[in-house]
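Undergrad: First the structure, which I've put down as structure tokens, then a few questions once you've had a look.
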Amino acid sequence: MTLNYPISSLAAHPPRLSPAYKSTVKRTPSKPLIIMRHTLSELTGPVYGHETVRENDNDLTLQCKGEPLGERIIVHGHVLDEDGRGVPNTLVELWQANACGRYIHVVDQHPAPLDPNFTGAGRTQSDAEGYYKFVTIKPGAYPWGNHHNAWRPAHIHFSVFGHSFISRLVTQMYFPGDPLFPFDPIFNSVTDEKARNRMISSFDLENTQPEWALAYRFNIVLRGRNATPMETK
Amino acid sequence: MSETAKEITPSQTVGPYFAYGLTPNGKYDWNDAFSNNLVTSDTSGERIRVEGRVFDGDGAPVPDCMLEIWQADAQGRFNDPQDKRALPNSSFRGFGRVGSDGNGGYAFDTIKPGVVPDPDGKPQAPHLVLAVFARGMLLHLYTRIYFDGEAANAADPVLALVPSDRRATLIATRKPGTGNAVYCLDIRLQGDNETVFFEV
């Protein structure tokens with residue numbers, strides 16, 4: 001299968017310069033990006049599989065001696081391409097704050113407790129149909145210094161590879177109904193409402209496990225379409 | 001399941017705290033999936049180091065970015081079955097990842113890649129594809145690293161797209177010295193001598 005990657009699909013992404021998110025101001029190129037034809041260097045990508053993932057790397061509640069505090073959740077979904085086909089055997093990495101909204105990163109020193117039983121990092125490989133699953137703790141809201149009383153909505157960071165180096169995606173998964181959505185410049189950097197909503201997971205009663213954990217579904221759509229003569233220039 | 005067209009998931013910033021998940025490098029209780037050393041014992045080709053620093057629009061170093069490279073082996077082959085030509089005959093994967101240090105510095109130990117054809121079959125000069133992720137970047141940036149002194153640079157179809165006065169931002173210069181070649185290239189996200197980035 002040969003895929004192509006129309007750059008028109010990039011319109012779903014936030015504009016690089018989003019001044020409400022202040023750190024973008026000095027970290028956005030001032031000159032236009034140069035458009036080029038995709039060569040093999042862009043159309044291929046690293047292939048990493050199960051050898052990269054250890055048992056329980058996808059269960060963030062089992063990585064330490066004891067159980068982490070907070071609300072245990074299942075986060076699962078389907079990694080897809082733009083034609084709706086599952087992306088099999090691709091690496092999915094995630095990282096997140098703990099239930100109190102505190103990151104284990106040394107730079108996060110805000111006064112919320114670390115959890116000795118929670119690191120907040122995980123990885124897995126999508127299965128042969130493109131499905132993935134994590135067990136983790138629902139992260140708390142996180143305060144940051146972008147503006148007065150700035151709080152990030154609860155979110156989980158995702159890093160996904162896909163079929164090529166240009167299908168690479170780093171994004172954040174949000175939880176439905178978060179009251180912080182209207183005030184978050186990172187979430188709202190995605191200007192199209194439908195595109196924004198694709199970053200919000202959905203509560204999934206069907207996969208919620210009784211007396212164990214709520215489930216949230218988060219499908220991830222990566223660049224990549226079937227090549228057709230019409231689209232080949 | 002029926003296959004219907006889907007629209008892509010938007011990108012969001014990698015944020016300031018990716019290191020413990022993506023580039024722990026011994027500082028956190030989590031293992032690294034990737035390294036900035038791509039060389040395996042069975043890799044053929046010229047061993048090189050590529051290093052530099054990353055700067056923002058004020059010329060301040062960027063201490064919290066992640067760089068990823070993707071490249072062909074010394075024979076110009078990618079370790080991906082989508083490359084329909086012969087696959088590499090070594091365990092060289094062609095992918096590396098590193099987090100910048102407190103001075104915005106980065107380094108990759110790898111091999112100089114071979115020649116990869118463009119879509120018309122014309123040779124491209126040896127190059128690495130580089131992706132830059134950082135706090136303050138809602139979507140990663142793509143650029144390329146070429147090598148000073150390569151005669152093939154003059155005919156490279158991608159370099160030819162770049163105004164001549166900006167091409168130097170893509171060409172790593174070789175440090176004087178003996179031993180394995182060390183190539184240097186700084187990445188400037190904005191401002192004077194801003195690195196050329198590609199919309200791919």
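The chains in the structure tokens are called A, B, ... from first to last as shown; in each chain the residues are counted from 1, and the ligands are counted from 1 in the order shown.
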Which residues are close to Glu55 (chain A), i.e. within 12 Å by only C-alpha atoms, leaving aside same-chain residues fewer than 5 positions away? Reply as a ChimeraX atom specification.
TA: /A:50,60,62-63,122-125,134
Undergrad: May I have the residues from that selection written out with C-alpha atoms, as an mmCIF file, in the first residue's frame?
TA:
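Written out: selection_4.cif:
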```cif
data_model
loop_
_atom_site.group_PDB
_atom_site.id
_atom_site.type_symbol
_atom_site.label_atom_id
_atom_site.label_comp_id
_atom_site.auth_asym_id
_atom_site.auth_seq_id
_atom_site.Cartn_x
_atom_site.Cartn_y
_atom_site.Cartn_z
ATOM 1 C CA HIS A 50 6.710 -5.007 20.567
ATOM 2 C CA LEU A 60 0.493 3.012 34.823
ATOM 3 C CA LEU A 62 1.316 -1.324 38.164
ATOM 4 C CA GLN A 63 4.685 0.378 37.723
ATOM 5 C CA GLY A 122 3.483 4.661 29.548
ATOM 6 C CA ARG A 123 3.781 3.159 26.125
ATOM 7 C CA THR A 124 2.110 0.487 24.069
ATOM 8 C CA GLN A 125 1.831 -0.773 20.536
ATOM 9 C CA PHE A 134 -3.909 1.956 28.718
#
```
Undergrad: Which residues are close to Asn89 (chain A), i.e. within 10 Å by only C-alpha atoms, leaving aside same-chain residues fewer than 6 positions away? Reply as JSON, numbers by chain.
TA: {"A": [47, 48, 49, 50, 79, 124, 125, 126, 127, 128, 129, 130, 131, 132, 161, 162, 163]}
Undergrad: Dump as a PyMOL selection string the residues of chain B that approach chain A to within 8 Å, counting only C-alpha atoms.
TA: chain B and resi 2-14+17-22+29-30+33+56-58+70-72+78-80+82-83+93-95+116-119+129+135-139+158+161-162+189-191+194+196-200
Undergrad: Counting only C-alpha atoms, which of B:Phe55, B:Ser35, B:Pro113, B:Gly121 gets nearest to Asn193 (chain B)?
TA: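 Looking only at the distances to Asn193 (chain B), the closest residue turns out to be B:Phe55.
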Undergrad: Looking only at the backbone, which of the residues in region 40-123 of chain B does DSSP tag as strand (DSSP E), as a PyMOL selection string?
TA: chain B and resi 47-55+65-70+95-99+105-111+116-117+123
Undergrad: Figure out the distance between CA of Gly26 (chain B) and CA of Arg144 (chain B), please, to one decimal in Å.
TA: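 Atom-to-atom, CA of Arg144 (chain B) to CA of Gly26 (chain B), that is 28.6 Å.
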Undergrad: To one decimal place in Å, what is the distance between CA of Ala154 (chain B) and CA of Arg188 (chain B)?
TA: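 So the two atoms, CA of Ala154 (chain B) and CA of Arg188 (chain B), lie 23.2 Å apart.
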Undergrad: Between CA of Phe175 (chain A) and CA of Ala131 (chain B), what distance in Å does the model show, to one decimal?
TA: 28.4 Å
Undergrad: Within 9 Å of region 41-43 of chain B, counting only C-alpha atoms, which residues show up once you throw out same-chain ones fewer than 5 positions away? Write them as a PyMOL selection string, please.
TA: chain B and resi 73-74+89-92+111
Undergrad: If we count only C-alpha atoms, what is near Val62 (chain B) at a cut-off of 8 Å, once residues fewer than 2 positions away on the same chain are taken out, given as a list in words?
TA: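 The filter keeps Arg53, Val54, Phe55, Asp56, Ala60, Asp64, Cys65, Ser100, Gly102, Asn103 and Gly104 of chain B.
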Undergrad: Between A:Asn149, A:Asn188, A:Asn56, A:Asn98, single out the one closest to Arg72 (chain A), counting only C-alpha atoms.
TA: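 Of A:Asn149, A:Asn188, A:Asn56, A:Asn98, the one nearest Arg72 (chain A) is A:Asn98, counting only C-alpha atoms.
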